[in-house]
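File shown: protein_6.cif (mmCIF, C-alpha atoms (C1' of nucleotides)).
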```
data_entry
loop_
_atom_site.label_atom_id
_atom_site.label_comp_id
_atom_site.auth_asym_id
_atom_site.auth_seq_id
_atom_site.Cartn_x
_atom_site.Cartn_y
_atom_site.Cartn_z
CA MET A 1 30.47 -11.95 5.52
CA ARG A 2 28.92 -9.37 3.25
CA ILE A 3 25.30 -8.66 2.58
CA GLY A 4 24.90 -10.87 -0.47
CA GLU A 5 26.26 -13.95 1.24
CA LEU A 6 24.19 -13.45 4.37
CA ALA A 7 21.06 -12.93 2.32
CA ALA A 8 21.73 -16.08 0.32
CA ARG A 9 22.48 -18.17 3.38
CA ALA A 10 19.28 -17.04 5.06
CA GLY A 11 17.23 -17.44 1.91
CA THR A 12 16.26 -13.80 1.68
CA THR A 13 17.35 -10.72 -0.25
CA THR A 14 19.82 -7.91 0.23
CA ARG A 15 16.92 -5.50 0.03
CA ALA A 16 15.33 -7.09 3.07
CA LEU A 17 18.59 -6.86 5.03
CA ARG A 18 18.97 -3.18 4.23
CA TYR A 19 15.39 -2.69 5.26
CA TYR A 20 15.99 -4.42 8.60
CA GLU A 21 19.00 -2.23 9.17
CA ALA A 22 17.03 0.90 8.35
CA ARG A 23 14.46 -0.22 10.93
CA GLY A 24 17.21 -0.69 13.49
CA LEU A 25 16.50 -4.40 13.70
CA LEU A 26 19.72 -5.78 12.29
CA PRO A 27 22.49 -3.14 12.20
CA ALA A 28 25.76 -4.01 10.51
CA ARG A 29 29.39 -3.04 10.96
CA ARG A 30 31.17 -1.62 7.94
CA ASP A 31 34.45 -2.77 6.46
CA GLU A 32 37.14 -0.44 5.12
CA LYS A 33 35.28 -0.18 1.82
CA GLY A 34 32.05 0.90 3.44
CA HIS A 35 30.43 -2.47 2.78
CA ARG A 36 28.22 -4.03 5.41
CA ALA A 37 30.06 -6.74 7.38
CA TYR A 38 28.13 -9.46 9.20
CA GLY A 39 29.20 -12.25 11.52
CA GLU A 40 27.86 -15.74 12.09
CA GLU A 41 25.81 -14.41 14.99
CA ASP A 42 23.94 -12.19 12.57
CA LEU A 43 22.85 -15.26 10.67
CA ARG A 44 21.16 -16.55 13.80
CA LEU A 45 19.41 -13.25 14.34
CA LEU A 46 18.30 -13.17 10.74
CA GLU A 47 17.02 -16.74 10.89
CA GLN A 48 15.00 -15.80 13.96
CA ILE A 49 13.48 -12.90 12.09
CA ARG A 50 12.67 -14.97 9.02
CA THR A 51 11.16 -17.81 11.03
CA LEU A 52 8.81 -15.49 12.87
CA ARG A 53 7.97 -13.61 9.68
CA ASP A 54 7.06 -16.94 8.09
CA PHE A 55 4.71 -17.51 11.00
CA GLY A 56 3.02 -14.23 10.17
CA PHE A 57 4.65 -12.10 12.85
CA GLU A 58 5.05 -8.47 11.92
CA LEU A 59 8.59 -7.21 11.74
CA GLU A 60 8.25 -5.19 14.95
CA GLU A 61 7.06 -8.28 16.77
CA THR A 62 10.35 -10.01 16.05
CA ARG A 63 12.31 -7.28 17.80
CA PRO A 64 12.11 -8.74 21.33
CA PHE A 65 13.39 -12.07 20.05
CA VAL A 66 16.29 -10.47 18.24
CA GLU A 67 17.21 -8.32 21.21
CA CYS A 68 17.01 -11.36 23.46
CA LEU A 69 19.46 -13.25 21.28
CA ARG A 70 21.74 -10.27 21.05
CA ALA A 71 21.69 -9.99 24.84
CA GLY A 72 23.38 -13.37 24.89
CA HIS A 73 20.43 -15.58 25.77
CA PRO A 74 20.42 -19.08 24.31
CA GLU A 75 17.13 -18.67 22.42
CA GLY A 76 15.19 -15.73 21.06
CA ASP A 77 12.31 -16.67 23.31
CA SER A 78 14.38 -16.91 26.51
CA CYS A 79 13.14 -13.47 27.54
CA PRO A 80 9.76 -12.52 29.02
CA ALA A 81 9.10 -9.93 26.33
CA SER A 82 9.21 -12.68 23.71
CA LEU A 83 6.73 -14.78 25.66
CA VAL A 84 4.39 -11.82 25.77
CA VAL A 85 4.53 -11.64 21.99
CA TYR A 86 3.90 -15.39 21.73
CA ARG A 87 0.82 -15.15 23.92
CA ARG A 88 -0.53 -12.12 22.13
CA LYS A 89 0.00 -13.80 18.77
CA LEU A 90 -1.74 -16.96 19.97
CA ALA A 91 -4.75 -14.91 21.01
CA GLU A 92 -4.77 -13.14 17.65
CA LEU A 93 -4.54 -16.44 15.82
CA ASP A 94 -7.37 -17.93 17.83
CA ALA A 95 -9.56 -14.91 17.14
CA LEU A 96 -8.73 -14.92 13.46
CA ILE A 97 -9.24 -18.65 13.04
CA GLY A 98 -12.56 -18.32 14.81
CA GLN A 99 -13.73 -15.53 12.53
CA LEU A 100 -12.57 -17.32 9.41
CA THR A 101 -14.30 -20.50 10.51
CA GLU A 102 -17.53 -18.61 11.00
CA VAL A 103 -17.23 -17.04 7.58
CA ARG A 104 -16.39 -20.40 6.09
CA GLU A 105 -19.58 -21.94 7.51
CA THR A 106 -21.66 -19.01 6.35
CA VAL A 107 -20.29 -19.19 2.83
CA ALA A 108 -20.71 -22.96 2.76
CA GLY A 109 -24.34 -22.49 3.78
CA GLN A 110 -24.89 -19.89 1.10
CA LEU A 111 -23.38 -22.19 -1.50
CA ARG A 112 -25.61 -25.11 -0.46
CA ARG A 113 -28.68 -22.87 -0.53
CA ALA A 114 -27.80 -21.49 -3.95
CA GLU A 115 -27.19 -24.96 -5.34
CA ARG A 116 -30.54 -26.21 -4.00
CA ALA A 117 -32.29 -23.24 -5.58
CA ARG A 118 -30.59 -23.97 -8.88
CA ASP A 119 -31.53 -27.65 -8.76
CA ALA A 120 -35.12 -26.84 -7.86
CA LEU A 121 -35.32 -24.52 -10.82
CA ALA A 122 -33.86 -27.17 -13.10
CA ALA A 123 -36.49 -29.68 -11.89
CA ASP A 124 -39.35 -27.21 -12.44
CA ALA A 125 -38.33 -26.37 -15.96
CA PRO A 126 -36.49 -29.32 -17.43
CA ALA A 127 -34.76 -28.58 -20.68
CA PRO A 128 -36.24 -30.56 -23.58
CA GLY A 129 -32.97 -31.56 -25.19
CA GLY A 130 -30.92 -32.23 -22.07
CA PRO A 131 -29.59 -29.82 -19.43
CA GLU A 132 -29.00 -26.25 -20.50
CA PRO A 133 -27.17 -23.41 -18.84
CA LEU A 134 -29.43 -21.75 -16.33
CA CYS A 135 -27.93 -18.33 -16.69
CA GLU A 136 -26.25 -16.52 -19.49
CA LEU A 137 -23.60 -15.27 -17.10
CA GLY A 138 -20.71 -17.34 -15.90
CA GLY A 139 -19.14 -18.89 -18.94
CA GLN A 140 -16.98 -21.94 -18.67
CA PHE A 141 -17.89 -23.34 -15.28
CA SER A 142 -21.11 -24.28 -13.64
CA MET B 1 -31.73 8.94 -4.32
CA ARG B 2 -28.39 10.70 -4.23
CA ILE B 3 -25.03 9.39 -3.13
CA GLY B 4 -25.20 10.54 0.49
CA GLU B 5 -28.53 8.87 1.15
CA LEU B 6 -27.53 5.59 -0.49
CA ALA B 7 -24.28 5.50 1.44
CA ALA B 8 -26.10 6.14 4.72
CA ARG B 9 -28.77 3.51 4.02
CA ALA B 10 -26.11 0.91 3.22
CA GLY B 11 -23.94 1.90 6.14
CA THR B 12 -20.99 2.93 4.02
CA THR B 13 -19.48 6.14 2.68
CA THR B 14 -19.79 8.29 -0.39
CA ARG B 15 -16.12 7.71 -1.02
CA ALA B 16 -16.68 3.98 -1.28
CA LEU B 17 -19.54 4.49 -3.75
CA ARG B 18 -17.44 6.72 -5.98
CA TYR B 19 -14.72 4.11 -5.80
CA TYR B 20 -17.12 1.36 -6.87
CA GLU B 21 -18.26 3.51 -9.76
CA ALA B 22 -14.68 4.19 -10.81
CA ARG B 23 -14.12 0.43 -10.82
CA GLY B 24 -17.21 -0.03 -12.98
CA LEU B 25 -18.91 -2.04 -10.29
CA LEU B 26 -21.78 0.29 -9.45
CA PRO B 27 -22.28 2.93 -12.15
CA ALA B 28 -24.82 5.69 -11.54
CA ARG B 29 -27.09 7.79 -13.69
CA ARG B 30 -26.75 11.55 -13.41
CA ASP B 31 -29.48 14.02 -12.72
CA GLU B 32 -29.75 17.41 -14.43
CA LYS B 33 -27.30 18.86 -11.93
CA GLY B 34 -24.66 16.26 -12.64
CA HIS B 35 -25.27 14.54 -9.31
CA ARG B 36 -25.26 10.76 -9.14
CA ALA B 37 -28.78 9.35 -9.05
CA TYR B 38 -29.46 5.87 -7.64
CA GLY B 39 -32.57 3.72 -7.47
CA GLU B 40 -33.78 1.18 -4.93
CA GLU B 41 -32.23 -1.57 -6.99
CA ASP B 42 -28.83 -0.02 -6.45
CA LEU B 43 -29.31 -0.43 -2.72
CA ARG B 44 -29.66 -4.17 -3.22
CA LEU B 45 -26.53 -4.28 -5.35
CA LEU B 46 -24.64 -2.27 -2.79
CA GLU B 47 -25.81 -4.48 0.04
CA GLN B 48 -24.59 -7.50 -1.89
CA ILE B 49 -21.20 -5.88 -2.29
CA ARG B 50 -20.95 -4.93 1.38
CA THR B 51 -22.03 -8.36 2.60
CA LEU B 52 -19.41 -10.12 0.52
CA ARG B 53 -16.76 -7.55 1.47
CA ASP B 54 -17.58 -8.23 5.12
CA PHE B 55 -16.94 -11.90 4.42
CA GLY B 56 -13.50 -10.97 3.16
CA PHE B 57 -14.24 -11.16 -0.56
CA GLU B 58 -12.15 -8.86 -2.68
CA LEU B 59 -14.04 -6.22 -4.57
CA GLU B 60 -13.51 -7.93 -7.91
CA GLU B 61 -14.95 -11.14 -6.49
CA THR B 62 -18.25 -9.42 -5.86
CA ARG B 63 -18.63 -8.51 -9.52
CA PRO B 64 -20.30 -11.74 -10.64
CA PHE B 65 -22.89 -11.38 -7.86
CA VAL B 66 -23.63 -7.79 -8.78
CA GLU B 67 -23.91 -8.59 -12.47
CA CYS B 68 -26.17 -11.50 -11.65
CA LEU B 69 -28.54 -9.27 -9.71
CA ARG B 70 -28.44 -6.64 -12.42
CA ALA B 71 -29.33 -9.29 -14.98
CA GLY B 72 -32.62 -9.69 -13.12
CA HIS B 73 -31.92 -12.85 -11.18
CA PRO B 74 -33.54 -13.18 -7.77
CA GLU B 75 -30.27 -13.53 -5.84
CA GLY B 76 -26.70 -12.51 -6.47
CA ASP B 77 -25.70 -16.16 -6.30
CA SER B 78 -28.31 -17.38 -8.80
CA CYS B 79 -25.66 -17.48 -11.48
CA PRO B 80 -22.97 -20.12 -12.05
CA ALA B 81 -20.17 -17.55 -12.00
CA SER B 82 -21.12 -16.66 -8.44
CA LEU B 83 -21.03 -20.29 -7.38
CA VAL B 84 -17.56 -20.56 -8.85
CA VAL B 85 -16.48 -17.69 -6.65
CA TYR B 86 -18.12 -19.30 -3.61
CA ARG B 87 -16.28 -22.53 -4.20
CA ARG B 88 -12.97 -20.86 -4.83
CA LYS B 89 -13.39 -18.80 -1.69
CA LEU B 90 -14.25 -21.87 0.34
CA ALA B 91 -11.08 -23.56 -0.87
CA GLU B 92 -9.07 -20.46 0.00
CA LEU B 93 -10.63 -20.29 3.44
CA ASP B 94 -9.92 -23.96 4.09
CA ALA B 95 -6.32 -23.55 3.02
CA LEU B 96 -5.88 -20.43 5.09
CA ILE B 97 -7.53 -21.87 8.19
CA GLY B 98 -5.35 -24.93 7.83
CA GLN B 99 -2.17 -22.89 7.61
CA LEU B 100 -3.15 -20.68 10.50
CA THR B 101 -4.01 -23.70 12.60
CA GLU B 102 -0.60 -25.20 11.88
CA VAL B 103 1.10 -21.97 12.82
CA ARG B 104 -1.03 -21.74 15.93
CA GLU B 105 0.09 -25.18 17.07
CA THR B 106 3.71 -24.45 16.29
CA VAL B 107 3.64 -21.20 18.23
CA ALA B 108 1.82 -22.86 21.12
CA GLY B 109 4.53 -25.52 21.19
CA GLN B 110 7.27 -22.93 21.16
CA LEU B 111 5.60 -21.08 24.02
CA ARG B 112 5.31 -24.24 26.11
CA ARG B 113 8.92 -25.12 25.43
CA ALA B 114 10.12 -21.64 26.33
CA GLU B 115 8.10 -21.63 29.53
CA ARG B 116 9.51 -25.01 30.54
CA ALA B 117 13.03 -23.77 29.90
CA ARG B 118 12.36 -20.69 31.99
CA ASP B 119 10.92 -22.76 34.86
CA ALA B 120 13.82 -25.18 34.74
CA LEU B 121 16.22 -22.29 34.98
CA ALA B 122 14.29 -20.84 37.92
CA ALA B 123 14.48 -24.20 39.71
CA ASP B 124 18.24 -24.50 39.11
CA ALA B 125 19.01 -21.06 40.42
CA PRO B 126 16.36 -20.11 42.93
CA ALA B 127 16.42 -16.50 43.93
CA PRO B 128 17.25 -16.06 47.64
CA GLY B 129 14.65 -13.40 48.35
CA GLY B 130 11.78 -14.72 46.26
CA PRO B 131 11.37 -14.91 42.49
CA GLU B 132 13.30 -12.40 40.44
CA PRO B 133 13.09 -11.42 36.78
CA LEU B 134 15.02 -13.90 34.69
CA CYS B 135 15.96 -11.44 32.03
CA GLU B 136 16.62 -7.76 32.01
CA LEU B 137 14.56 -7.41 28.86
CA GLY B 138 10.83 -7.37 28.78
CA GLY B 139 9.68 -4.93 31.40
CA GLN B 140 6.19 -5.04 32.74
CA PHE B 141 5.03 -8.55 31.90
CA SER B 142 6.44 -11.96 32.52
"C1'" DG C 1 40.63 -1.97 -21.55
"C1'" DT C 2 36.41 -3.51 -20.55
"C1'" DT C 3 33.12 -6.59 -18.95
"C1'" DT C 4 31.14 -8.70 -15.00
"C1'" DG C 5 29.71 -8.68 -10.46
"C1'" DC C 6 29.38 -7.08 -5.98
"C1'" DC C 7 28.59 -3.23 -3.28
"C1'" DT C 8 26.76 1.75 -2.02
"C1'" DT C 9 22.71 5.36 -1.39
"C1'" DG C 10 18.36 7.33 -2.78
"C1'" DA C 11 13.97 7.23 -4.21
"C1'" DC C 12 9.87 5.73 -6.36
"C1'" DG C 13 6.51 1.59 -7.22
"C1'" DT C 14 3.51 -2.23 -5.53
"C1'" DC C 15 -1.00 -3.95 -3.57
"C1'" DC C 16 -6.08 -2.69 -1.87
"C1'" DG C 17 -9.80 -0.13 -0.47
"C1'" DC C 18 -10.70 3.37 0.53
"C1'" DG C 19 -9.67 8.23 3.93
"C1'" DT C 20 -8.81 12.85 3.57
"C1'" DC C 21 -8.02 17.25 1.82
"C1'" DA C 22 -8.59 20.94 -1.80
"C1'" DA C 23 -11.20 23.84 -4.67
"C1'" DG C 24 -15.23 24.71 -6.86
"C1'" DT C 25 -20.69 24.57 -7.84
"C1'" DC C 26 -25.31 24.78 -6.37
"C1'" DC C 27 -29.30 25.22 -3.33
"C1'" DT C 28 -31.57 26.40 0.95
"C1'" DA C 29 -32.15 28.77 5.24
"C1'" DC C 30 -31.62 32.67 8.08
"C1'" DG D 1 -25.65 38.65 2.05
"C1'" DT D 2 -23.84 34.78 3.89
"C1'" DA D 3 -23.46 30.54 6.24
"C1'" DG D 4 -24.19 25.78 5.89
"C1'" DG D 5 -24.75 21.46 3.61
"C1'" DA D 6 -24.62 18.31 -0.30
"C1'" DC D 7 -22.60 17.56 -4.36
"C1'" DT D 8 -18.62 17.49 -8.08
"C1'" DT D 9 -13.57 16.17 -9.69
"C1'" DG D 10 -8.72 15.55 -8.73
"C1'" DA D 11 -5.08 14.11 -6.22
"C1'" DC D 12 -2.31 12.66 -2.40
"C1'" DG D 13 -1.95 9.55 1.97
"C1'" DC D 14 -2.01 5.14 4.37
"C1'" DG D 15 0.01 0.70 5.94
"C1'" DG D 16 3.84 -3.22 5.55
"C1'" DA D 17 7.56 -5.23 3.69
"C1'" DC D 18 9.87 -5.02 0.70
"C1'" DG D 19 10.75 -4.84 -5.26
"C1'" DT D 20 12.91 -2.30 -8.60
"C1'" DC D 21 15.37 1.13 -10.93
"C1'" DA D 22 19.05 4.80 -11.16
"C1'" DA D 23 23.69 6.24 -10.80
"C1'" DG D 24 27.92 5.44 -9.17
"C1'" DG D 25 32.38 3.00 -6.85
"C1'" DC D 26 35.65 -0.73 -6.69
"C1'" DA D 27 37.62 -5.28 -7.56
"C1'" DA D 28 38.74 -9.47 -10.11
"C1'" DA D 29 38.66 -11.87 -14.63
"C1'" DC D 30 39.32 -12.02 -19.51
#
```
Starting from the coordinates I provided, produce the structure as structure tokens.
Amino acid sequence: MRIGELAARAGTTTRALRYYEARGLLPARRDEKGHRAYGEEDLRLLEQIRTLRDFGFELEETRPFVECLRAGHPEGDSCPASLVVYRRKLAELDALIGQLTEVRETVAGQLRRAERARDALAADAPAPGGPEPLCELGGQFS
Amino acid sequence: MRIGELAARAGTTTRALRYYEARGLLPARRDEKGHRAYGEEDLRLLEQIRTLRDFGFELEETRPFVECLRAGHPEGDSCPASLVVYRRKLAELDALIGQLTEVRETVAGQLRRAERARDALAADAPAPGGPEPLCELGGQFS
DNA sequence: GTTTGCCTTGACGTCCGCGTCAAGTCCTAC
DNA sequence: GTAGGACTTGACGCGGACGTCAAGGCAAAC
């Protein structure tokens, strides 16, 4: 299998595969023409990489999984090093979700406050001919 | 007030202020020596920028707030355009938190599955002299 | 014969918000 | 006189995971 076919079967690009090879993550044999030659096993490795990347793992974080598979283990996460990455990523996710949730609540509070202020202003100074824009800035939405 | 003082009072750097000016977000007058000259009002604008940046707003997203303040409104979010940004950001945060939570659950499931597989393997082939590493990969943690 | 299509390597571009360095000006303090 | 500090502009660096273009080789198809 050459690079184009592998890329297509894994739903990625040849550029990504060359990049992984340059990083030492997914090296390839060469055929007599100097073209990269991949086997079915490489598809599994690549799918492991792509799955973890889709989860938001950095490329380097996929390395233990790939090495585990290449060592002959049944799954990429059959090795302790992979479990370490899982646990670290879970902690990162929890921290990030926590921060984002805090920010979300803060922003939601700010929005409610700003909307109340706007409505109070509209009640104080009701427009004579129906509601008017409260601010010259901000165009098409309100 | 010159650039160094404003940066220090807002807890940021002169580089950031020059960057904001280059982006047209926080222009500055010049004194007779060609140095940037800022007023107290600029501190408020800058604080608005920094607060929103800390919330994860992109620089461009702070522009409506800054323009709103500069137009003389009491708060950066007194203008409809700012509320639009708030709402869009809330939707983005909700989507992101949702995705991250999904990923978190998926990864947690994978970790549990991998740990069960490891424990099952350890029970099938118990080490004679106590527990041994199940995999040559993965070094110091397990 | 030439077009098409796959492959090769090399190298620069992208995004974002600055950090960091260089070279020069100006003022103050010692 | 000179050392230090604040300021100026300009320009390159960073990080991550590639995208994209250039220039060329080699094969099958028309």
Per residue of chain D within 8 Å of chain B, what are the shortest atom pair and its distance in Å to one decimal, counting only C-alpha atoms (C1' of nucleotides), with rows by chain and residue number, as a Markdown table?
```
| residue | atom | partner | partner_atom | distance |
| --- | --- | --- | --- | --- |
| D:DA6 | C1' | B:Gly4 | CA | 7.8 |
| D:DC7 | C1' | B:His35 | CA | 6.4 |
| D:DT8 | C1' | B:His35 | CA | 7.4 |
```
Contact table chain C vs chain A, cut-off 12 Å, shortest pair per residue, all atoms listed in the file, as a tab-separated table:
```
residue	atom	partner	partner_atom	distance
C:DG5	C1'	A:Gly4	CA	11.3
C:DC6	C1'	A:Gly4	CA	8.0
C:DC7	C1'	A:His35	CA	6.4
C:DT8	C1'	A:His35	CA	7.4
C:DT9	C1'	A:Arg18	CA	10.9
```
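When all atoms listed in the file are used to compute distances to chain B, the closest of the residues A:Ala16, A:Ile49, A:Ala22, A:Leu90 turns out to be A:Leu90.
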Using all atoms listed in the file, find which residues of chain B lie within 10 Å of chain A and jot them down as a tab-separated table (two decimals) with C-alpha atoms, keeping the file's coordinate frame.
```
chain	number	residue	atom	x	y	z
B	52	LEU	CA	-19.41	-10.12	0.52
B	54	ASP	CA	-17.58	-8.23	5.12
B	55	PHE	CA	-16.94	-11.90	4.42
B	56	GLY	CA	-13.50	-10.97	3.16
B	64	PRO	CA	-20.30	-11.74	-10.64
B	67	GLU	CA	-23.91	-8.59	-12.47
B	68	CYS	CA	-26.17	-11.50	-11.65
B	71	ALA	CA	-29.33	-9.29	-14.98
B	73	HIS	CA	-31.92	-12.85	-11.18
B	75	GLU	CA	-30.27	-13.53	-5.84
B	76	GLY	CA	-26.70	-12.51	-6.47
B	77	ASP	CA	-25.70	-16.16	-6.30
B	78	SER	CA	-28.31	-17.38	-8.80
B	79	CYS	CA	-25.66	-17.48	-11.48
B	80	PRO	CA	-22.97	-20.12	-12.05
B	81	ALA	CA	-20.17	-17.55	-12.00
B	82	SER	CA	-21.12	-16.66	-8.44
B	83	LEU	CA	-21.03	-20.29	-7.38
B	84	VAL	CA	-17.56	-20.56	-8.85
B	85	VAL	CA	-16.48	-17.69	-6.65
B	86	TYR	CA	-18.12	-19.30	-3.61
B	87	ARG	CA	-16.28	-22.53	-4.20
B	89	LYS	CA	-13.39	-18.80	-1.69
B	90	LEU	CA	-14.25	-21.87	0.34
B	91	ALA	CA	-11.08	-23.56	-0.87
B	92	GLU	CA	-9.07	-20.46	0.00
B	93	LEU	CA	-10.63	-20.29	3.44
B	94	ASP	CA	-9.92	-23.96	4.09
B	96	LEU	CA	-5.88	-20.43	5.09
B	97	ILE	CA	-7.53	-21.87	8.19
B	98	GLY	CA	-5.35	-24.93	7.83
B	99	GLN	CA	-2.17	-22.89	7.61
B	100	LEU	CA	-3.15	-20.68	10.50
B	101	THR	CA	-4.01	-23.70	12.60
B	102	GLU	CA	-0.60	-25.20	11.88
B	103	VAL	CA	1.10	-21.97	12.82
B	104	ARG	CA	-1.03	-21.74	15.93
B	105	GLU	CA	0.09	-25.18	17.07
B	106	THR	CA	3.71	-24.45	16.29
B	107	VAL	CA	3.64	-21.20	18.23
B	108	ALA	CA	1.82	-22.86	21.12
B	110	GLN	CA	7.27	-22.93	21.16
B	111	LEU	CA	5.60	-21.08	24.02
B	112	ARG	CA	5.31	-24.24	26.11
B	113	ARG	CA	8.92	-25.12	25.43
B	114	ALA	CA	10.12	-21.64	26.33
B	115	GLU	CA	8.10	-21.63	29.53
B	117	ALA	CA	13.03	-23.77	29.90
B	118	ARG	CA	12.36	-20.69	31.99
B	133	PRO	CA	13.09	-11.42	36.78
B	134	LEU	CA	15.02	-13.90	34.69
B	135	CYS	CA	15.96	-11.44	32.03
B	136	GLU	CA	16.62	-7.76	32.01
B	137	LEU	CA	14.56	-7.41	28.86
B	138	GLY	CA	10.83	-7.37	28.78
B	139	GLY	CA	9.68	-4.93	31.40
B	140	GLN	CA	6.19	-5.04	32.74
B	141	PHE	CA	5.03	-8.55	31.90
B	142	SER	CA	6.44	-11.96	32.52
```
Nearby residues (only C-alpha atoms (C1' of nucleotides)) at most 12 Å from DA22 (chain C), same-chain spacing under 5 positions excluded, as a PyMOL selection string: chain D and resi 9-12
Would you mind exporting the chosen residues as an mmCIF file, in the coordinates of the input, restricted to C-alpha atoms (C1' of nucleotides)?
```cif
data_model
loop_
_atom_site.group_PDB
_atom_site.id
_atom_site.type_symbol
_atom_site.label_atom_id
_atom_site.label_comp_id
_atom_site.auth_asym_id
_atom_site.auth_seq_id
_atom_site.Cartn_x
_atom_site.Cartn_y
_atom_site.Cartn_z
ATOM 1 C "C1'" DT D 9 -13.570 16.170 -9.690
ATOM 2 C "C1'" DG D 10 -8.720 15.550 -8.730
ATOM 3 C "C1'" DA D 11 -5.080 14.110 -6.220
ATOM 4 C "C1'" DC D 12 -2.310 12.660 -2.400
#
```
Exercise: DT28 (chain C) partners within 12 Å, only C-alpha atoms (C1' of nucleotides), chain neighbours under 2 positions left out, as a PyMOL selection string: (chain C and resi 26+30) or (chain D and resi 2-6)
Writing out the chosen residues with C-alpha atoms (C1' of nucleotides) as an mmCIF file, in the frame of the given file:
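After the write, result.cif holds the following:
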```
data_model
loop_
_atom_site.group_PDB
_atom_site.id
_atom_site.type_symbol
_atom_site.label_atom_id
_atom_site.label_comp_id
_atom_site.auth_asym_id
_atom_site.auth_seq_id
_atom_site.Cartn_x
_atom_site.Cartn_y
_atom_site.Cartn_z
ATOM 1 C "C1'" DC C 26 -25.310 24.780 -6.370
ATOM 2 C "C1'" DC C 30 -31.620 32.670 8.080
ATOM 3 C "C1'" DT D 2 -23.840 34.780 3.890
ATOM 4 C "C1'" DA D 3 -23.460 30.540 6.240
ATOM 5 C "C1'" DG D 4 -24.190 25.780 5.890
ATOM 6 C "C1'" DG D 5 -24.750 21.460 3.610
ATOM 7 C "C1'" DA D 6 -24.620 18.310 -0.300
#
```
Residues in the PyMOL selection byres ((chain C and resi 19) around 12), expressed as a ChimeraX atom specification: /B:13-16,19 /C:17-18,20-21 /D:12-14
Take the residues that were just selected and, keeping C-alpha atoms (C1' of nucleotides), output them as a PDB file, keeping the file's coordinate frame.
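This is the output file part.pdb:
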```pdb
ATOM      1  CA  THR B  13     -19.480   6.140   2.680  1.00  0.00           C
ATOM      2  CA  THR B  14     -19.790   8.290  -0.390  1.00  0.00           C
ATOM      3  CA  ARG B  15     -16.120   7.710  -1.020  1.00  0.00           C
ATOM      4  CA  ALA B  16     -16.680   3.980  -1.280  1.00  0.00           C
ATOM      5  CA  TYR B  19     -14.720   4.110  -5.800  1.00  0.00           C
TER       6      TYR B  19
ATOM      7  C1'  DG C  17      -9.800  -0.130  -0.470  1.00  0.00           C
ATOM      8  C1'  DC C  18     -10.700   3.370   0.530  1.00  0.00           C
ATOM      9  C1'  DT C  20      -8.810  12.850   3.570  1.00  0.00           C
ATOM     10  C1'  DC C  21      -8.020  17.250   1.820  1.00  0.00           C
TER      11       DC C  21
ATOM     12  C1'  DC D  12      -2.310  12.660  -2.400  1.00  0.00           C
ATOM     13  C1'  DG D  13      -1.950   9.550   1.970  1.00  0.00           C
ATOM     14  C1'  DC D  14      -2.010   5.140   4.370  1.00  0.00           C
TER      15       DC D  14
END
```
Atom pair C1' of DG1 (chain C) / C1' of DC30 (chain D): separation (Å): 10.3 Å
Can you turn the PyMOL selection byres ((chain D and resi 19) around 10) into a concrete residue list for this file, as a PDB file with C-alpha atoms (C1' of nucleotides), keeping the file's coordinate frame?
```pdb
ATOM      1  CA  ARG A  15      16.920  -5.500   0.030  1.00  0.00           C
ATOM      2  CA  ALA A  16      15.330  -7.090   3.070  1.00  0.00           C
TER       3      ALA A  16
ATOM      4  C1'  DG C  13       6.510   1.590  -7.220  1.00  0.00           C
ATOM      5  C1'  DT C  14       3.510  -2.230  -5.530  1.00  0.00           C
TER       6       DT C  14
ATOM      7  C1'  DA D  17       7.560  -5.230   3.690  1.00  0.00           C
ATOM      8  C1'  DC D  18       9.870  -5.020   0.700  1.00  0.00           C
ATOM      9  C1'  DT D  20      12.910  -2.300  -8.600  1.00  0.00           C
ATOM     10  C1'  DC D  21      15.370   1.130 -10.930  1.00  0.00           C
TER      11       DC D  21
END
```
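The space between CA of Phe65 (chain A) and CA of Arg30 (chain A) spans 23.9 Å.
Picture a line from C1' of DT25 (chain C) to CA of Gly39 (chain B); it runs 24.0 Å.
Residues within 12 Å of Tyr38 (chain A), counting all atoms listed in the file and excluding same-chain residues fewer than 5 positions away, are A:Met1, A:Arg2, A:Ile3, A:Gly4, A:Glu5, A:Leu6, A:Ala7, A:Arg9, A:Leu17, A:Glu21, A:Leu26, A:Pro27, A:Ala28, A:Arg29, A:Arg30, A:Asp31, A:Leu43, A:Arg44, A:Leu45, A:Leu46.
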